[in-house]
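Participant: Just dropping this structure here.
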Amino acid sequence: MGSTQFEQVERGTESAADRTLRLDRRHVFHSWSAQAQLNPMVITRARGSFIWDGAGNRYLDFGSQLVNMNIGHQHPRVVAAIQAQAEHMCMIAPQHANDARSEAARLIAERTPGDLDRIFFTNGGADANEHAVRMARLITGRYKVMSTYRSYHGGTTTAVNMTGDPRRWPNDHANTGTLHFWGPFLYRSAFHSRTVQEECERALDHLERTILFEGPDTVAAIILESIPGTAGVMVPPVGYMRGVRDLCDRFGIKLIADEVMCGFGRAGAWFAIADMGVEPDLITFAKGVNSGYVPLGGVAISDEIADFFADRTYPGGLTYSGHPLATAAAVATINVMEREGMVANAARIGREIIEPRLAEMVDRHPSLAEVRGTGAMWALELVSNPKTREPLAPYGGTSAAMAEMVSFLKSHGLLPFVNYHRMHIKPPLNIADEDLVEGLRLTDMALSIADSYVSI
């Protein structure tokens with residue numbers, strides 16, 4: 001029998017971090033990656049807004065991992081709730097009622113807009129979107145689903161085909177009934193708009209014409225990230241989501257709000273679409289519902305859709321739907337967020353700390369073309385030429401400039417979140433003000449590197 005990592009460390013033959021990396025490269029198949037090109041950072045521990053690597057270096061987690069650690073790492077109340085649930089009941093099949101799932105459903109339903117009071121639990125965001133689409137197709141008897149370019153909805157078959165970024169391309173065989181249209185984004189407008197109002201009106205007109213030419217009676221659902229996340233944090237113009245809701249009502253189309261990333265406080269509200277005064281037919285969620293402490297996602301369902309399945313069997317389910325450990329973590333997370341005022345704090349730090357500092361950076365850095373966001377969810381649009389708006393990295397790729405900035409930030413103790421030519425600011429909602437200010441100071445310094453790649 002081979003020796004354990006602890007025995008190996010004690011003998012000095014191999015450190016725990018080295019063993020972790022060796023076994024990872026020998027046995028782990030990573031997502032969204034060319035396997036031979038990987039050299040993953042070994043993370044040994046995490047707490048609050050920080051993580052530590054195998055060499056003992058500390059990093060400020062400025063992207064909340066995959067924008068899911070809304071309450072930060074290792075919150076003691078949530079860890080204790082998971083431990084207590086594990087001692088009580090680790091797992092029970094989903095056909096049975098259990099107290100953790102029932103309470104989690106109640107707490108979520110209390111925070112959804114309108115009558116979205118039934119919760120179908122999934123394992124994550126991608127399968128939440130899969131099931132929301134399935135429900136919309138069944139209730140409408142239609143098949144097509146419309147989503148925007150510059151979006152991400154997950155890695156499963158329907159979800160990745162609804163996605164509007166390059167991750168879709170290798171998986172798209174044009175047979176999933178998914179269609180794409182342009183959403184509003186004034187800085188890179190598809191409609192040659194000059195003002196926010198023009199962009200809103202033209203985007204809605206474009207959507208209406210797309211529906212009409214596709215055939216309204218063939219479209220089951222429109223799915224939109226209430227605020228697109230990895231695609232660039234394009235907060236929709238005032239009136240846009242209301243306009244989409246009106247089009248859906250006119251043509252009998254179901255509106256699905258994907259709140260996997262922007263929900264549960266990330267945008268400074270429990271649900272971003274509710275803050276916009278719009279009630280969708282379905283809301284999908286994951287990530288922040290329990291900060292990823294145990295995998296969990298779900299669909300919040302309107303009365304109309306729930307009633308449709310009152311005497312019809314819903315043809316879908318999961319072995320771990322409403323898993324007790326995951327839903328106990330959700331109960332604890334929601335209660336912690338409420339008790340500690342994290343949703344209001346996300347709105348505050350966005351308004352009082354992040355936005356004014358980023359606005360000041362725009363004035364000084366020619367590489368920084370635009371900042372966008374709300375709450376604890378922001379994107380920095382980086383360009384190599386402000387006049388032509390040439391991105392600092394190609395669509396779907398990276399560049400020497402982006403790599404140099406990332407290397408600089410890591411060397412100074414900040415783990416950034418980057419996507420193509422953008423840098424995102426998405427810290428835990430309860431990050432200490434002084435840590436947030438330090439992270440923004442380092443970001444400011446990294447932008448000077450980007451400036452050196454600008455040609456005007």
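Residues are named by chain letter and number: chains run A, B, ... in the order of the structure tokens, numbers start at 1 in each chain, and ligands are numbered from 1 in the order shown.
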Using DSSP on the backbone coordinates, identify all residues within region 192-311 of chain A classified as strand (DSSP E or B); present the result as number ranges by chain.
Facilitator: A: 219-225, 254-258, 282-285, 297-301
Participant: Which residues, written as a VMD selection string, have at least one atom at most 9 Å from Gln65 (chain A), with only C-alpha atoms counted and residues fewer than 5 positions away on the same chain left out?
Facilitator: chain A and resid 415 417 427
Participant: Selected residues, N, CA and C atoms, written as an mmCIF file, in the first residue's frame, please.
Facilitator:
data_model
loop_
_atom_site.group_PDB
_atom_site.id
_atom_site.type_symbol
_atom_site.label_atom_id
_atom_site.label_comp_id
_atom_site.auth_asym_id
_atom_site.auth_seq_id
_atom_site.Cartn_x
_atom_site.Cartn_y
_atom_site.Cartn_z
ATOM 1 N N LEU A 415 -6.217 37.635 -7.001
ATOM 2 C CA LEU A 415 -6.661 36.662 -8.008
ATOM 3 C C LEU A 415 -7.773 37.315 -8.824
ATOM 4 N N PHE A 417 -10.511 38.101 -12.114
ATOM 5 C CA PHE A 417 -11.459 37.425 -13.001
ATOM 6 C C PHE A 417 -11.388 38.146 -14.340
ATOM 7 N N PRO A 427 -16.187 40.824 -6.227
ATOM 8 C CA PRO A 427 -15.721 40.293 -4.941
ATOM 9 C C PRO A 427 -16.879 39.725 -4.123
#
Participant: For region 266-271 of chain A, find every residue with an atom within 6 Å (counting only C-alpha atoms), except residues of its own chain fewer than 5 positions away, and show them as an NGL selection string.
Facilitator: :A and (343 or 346-347 or 374-377)
Participant: Out of region 249-303 of chain A, which residues get alpha helix (DSSP H) from DSSP, as a list of chain:residue names?
Facilitator: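 These are the residues in question: A:Asp249, A:Arg250, A:Phe251, A:Ala272, A:Ile273, A:Ala274, A:Asp275, A:Asp303.
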Participant: Measuring between only C-alpha atoms, which one of A:Ser147, A:Gly114, A:Leu325, A:Ser33 shows the shortest distance to Glu279 (chain A)?
Facilitator: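 Looking at the shortest contact to Glu279 (chain A), the residue is A:Gly114.
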Participant: Which one is closest to Gly373 (chain A): A:Met234, A:Leu116, A:Leu282, A:Ala274? Count only C-alpha atoms.
Facilitator: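 Among A:Met234, A:Leu116, A:Leu282, A:Ala274, it is A:Met234 that comes nearest to Gly373 (chain A).
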Participant: Of the residues A:Arg357, A:Lys287, A:His153, A:Arg168, which is the one nearest to Ser64 (chain A), using only C-alpha atoms?
Facilitator: A:Lys287
Participant: With distances taken over only C-alpha atoms, which residue among A:His424, A:Arg118, A:Arg111, A:Arg441 lies nearest Val67 (chain A)?
Facilitator: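 Nearest candidate to Val67 (chain A) out of A:His424, A:Arg118, A:Arg111, A:Arg441: A:His424.
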Participant: For a test of reading the model, state the distance in Å between CA of Ala369 (chain A) and CA of Met69 (chain A), rounded to one decimal.
Facilitator: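 Interatomic distance, CA of Ala369 (chain A) to CA of Met69 (chain A): 28.1 Å.
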Participant: Nearest to Ile425 (chain A) among A:Asp61, A:Glu14, A:Asp307, A:Asp99, with distances taken over only C-alpha atoms: which residue is it?
Facilitator: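 Once distances to Ile425 (chain A) are computed over only C-alpha atoms, the minimum belongs to A:Asp61.
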Participant: One decimal, Å: what's the distance from CA of Ser31 (chain A) over to CA of Ser321 (chain A), could you say?
Facilitator: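 These atoms are spaced 23.2 Å apart.
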Participant: With distances taken over only C-alpha atoms, which residue among A:Ile354, A:Met135, A:Ala432, A:Leu318 lies nearest Gln95 (chain A)?
Facilitator: A:Leu318
Participant: Fewer than 6 positions away in the same chain doesn't count, so skip those; otherwise give me all residues within 10 Å of region 75-91 of chain A, counting only C-alpha atoms, as a PyMOL selection string.
Facilitator: chain A and resi 47-48+98+100+290-291+293-294+320+322-336
Participant: What is the distance between CA of Glu338 (chain A) and CA of Leu296 (chain A), in Å to one decimal?
Facilitator: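 Here the two named atoms are 19.3 Å from each other.
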Participant: Hey, what's within 10 Å of region 177-183 of chain A if we count only C-alpha atoms and toss same-chain stuff fewer than 6 positions away? As a compact mmCIF listing (two decimals) with N, CA and C atoms, in the first residue's frame, please?
Facilitator:
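Generated output (around.txt):
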# COMPACT_ATOMS: atom_id res chain seq x y z
N ARG A 142 -44.62 24.64 -28.15
CA ARG A 142 -43.68 25.16 -29.14
C ARG A 142 -42.27 24.68 -28.81
N TYR A 143 -41.34 24.89 -29.76
CA TYR A 143 -40.01 24.33 -29.55
C TYR A 143 -38.89 25.36 -29.52
N LYS A 144 -38.98 26.42 -30.30
CA LYS A 144 -37.86 27.35 -30.41
C LYS A 144 -37.64 28.13 -29.11
N VAL A 145 -36.38 28.41 -28.83
CA VAL A 145 -35.99 29.23 -27.68
C VAL A 145 -35.03 30.29 -28.17
N MET A 146 -35.26 31.54 -27.77
CA MET A 146 -34.45 32.66 -28.22
C MET A 146 -33.60 33.19 -27.07
N SER A 147 -32.35 33.49 -27.38
CA SER A 147 -31.43 34.07 -26.40
C SER A 147 -30.49 35.01 -27.13
N THR A 148 -29.75 35.80 -26.36
CA THR A 148 -28.91 36.82 -26.98
C THR A 148 -27.51 36.30 -27.27
N TYR A 149 -26.87 36.94 -28.26
CA TYR A 149 -25.42 36.87 -28.34
C TYR A 149 -24.88 37.57 -27.09
N ARG A 150 -23.61 37.30 -26.77
CA ARG A 150 -23.01 37.80 -25.52
C ARG A 150 -23.83 37.32 -24.31
N SER A 151 -23.88 36.03 -24.14
CA SER A 151 -24.59 35.45 -23.00
C SER A 151 -23.95 34.12 -22.65
N THR A 158 -28.77 21.86 -24.25
CA THR A 158 -29.62 23.02 -24.57
C THR A 158 -29.00 24.29 -24.06
N ALA A 159 -28.46 24.25 -22.84
CA ALA A 159 -27.90 25.46 -22.23
C ALA A 159 -26.73 26.01 -23.02
N VAL A 160 -25.82 25.15 -23.47
CA VAL A 160 -24.66 25.64 -24.21
C VAL A 160 -25.06 26.13 -25.60
N ASN A 161 -26.13 25.57 -26.16
CA ASN A 161 -26.60 26.07 -27.45
C ASN A 161 -27.35 27.39 -27.31
N MET A 162 -27.92 27.65 -26.14
CA MET A 162 -28.52 28.97 -25.90
C MET A 162 -27.44 30.01 -25.66
N THR A 163 -26.29 29.58 -25.23
CA THR A 163 -25.18 30.48 -24.93
C THR A 163 -24.78 31.26 -26.17
N GLY A 164 -24.43 32.52 -25.96
CA GLY A 164 -24.05 33.38 -27.07
C GLY A 164 -22.60 33.77 -27.05
N SER A 189 -22.69 48.81 -30.03
CA SER A 189 -24.07 48.68 -30.52
C SER A 189 -24.13 47.97 -31.87
N ALA A 190 -25.06 47.03 -31.97
CA ALA A 190 -25.35 46.39 -33.26
C ALA A 190 -26.32 47.23 -34.08
N PHE A 191 -26.80 48.34 -33.50
CA PHE A 191 -27.86 49.13 -34.13
C PHE A 191 -27.43 50.56 -34.46
N GLU A 199 -30.69 52.87 -28.18
CA GLU A 199 -30.27 51.47 -28.09
C GLU A 199 -31.41 50.60 -27.58
N CYS A 200 -32.11 51.07 -26.56
CA CYS A 200 -33.23 50.32 -26.00
C CYS A 200 -34.33 50.13 -27.06
N ARG A 202 -34.21 50.41 -30.37
CA ARG A 202 -33.79 49.64 -31.54
C ARG A 202 -33.59 48.17 -31.21
N ALA A 203 -33.12 47.87 -30.01
CA ALA A 203 -32.97 46.48 -29.61
C ALA A 203 -34.33 45.80 -29.50
N LEU A 204 -35.32 46.50 -28.96
CA LEU A 204 -36.66 45.93 -28.86
C LEU A 204 -37.28 45.76 -30.24
N HIS A 206 -35.64 45.25 -33.02
CA HIS A 206 -34.93 44.11 -33.60
C HIS A 206 -35.49 42.79 -33.08
N LEU A 207 -35.74 42.70 -31.77
CA LEU A 207 -36.28 41.49 -31.19
C LEU A 207 -37.67 41.20 -31.75
N THR A 210 -37.41 39.91 -35.24
CA THR A 210 -36.88 38.54 -35.25
C THR A 210 -37.98 37.54 -34.90
N ILE A 211 -38.78 37.85 -33.89
CA ILE A 211 -39.90 36.98 -33.53
C ILE A 211 -40.86 36.82 -34.70
N GLU A 214 -39.37 34.66 -37.42
CA GLU A 214 -39.25 33.26 -37.02
C GLU A 214 -40.61 32.58 -36.93
N THR A 218 -44.08 29.64 -33.13
CA THR A 218 -43.06 28.59 -33.03
C THR A 218 -42.12 28.82 -31.85
N VAL A 219 -42.23 29.96 -31.17
CA VAL A 219 -41.28 30.34 -30.12
C VAL A 219 -41.86 30.03 -28.74
N ALA A 220 -41.20 29.14 -28.01
CA ALA A 220 -41.66 28.77 -26.67
C ALA A 220 -41.22 29.77 -25.62
N ALA A 221 -39.97 30.24 -25.71
CA ALA A 221 -39.42 31.05 -24.62
C ALA A 221 -38.34 31.98 -25.13
N ILE A 222 -38.20 33.07 -24.43
CA ILE A 222 -37.02 33.93 -24.52
C ILE A 222 -36.32 33.83 -23.18
N LEU A 224 -33.13 35.27 -20.95
CA LEU A 224 -32.17 36.36 -20.84
C LEU A 224 -31.51 36.33 -19.47
N PRO A 228 -26.23 40.24 -18.00
CA PRO A 228 -25.23 39.29 -18.49
C PRO A 228 -23.97 39.33 -17.65
N MET A 234 -23.49 43.86 -19.00
CA MET A 234 -24.24 44.91 -19.70
C MET A 234 -25.59 45.09 -19.00
N PRO A 236 -29.08 46.17 -18.57
CA PRO A 236 -30.00 46.60 -19.63
C PRO A 236 -30.54 48.00 -19.40
N TYR A 240 -35.99 48.19 -21.10
CA TYR A 240 -35.75 47.08 -22.03
C TYR A 240 -36.42 45.79 -21.54
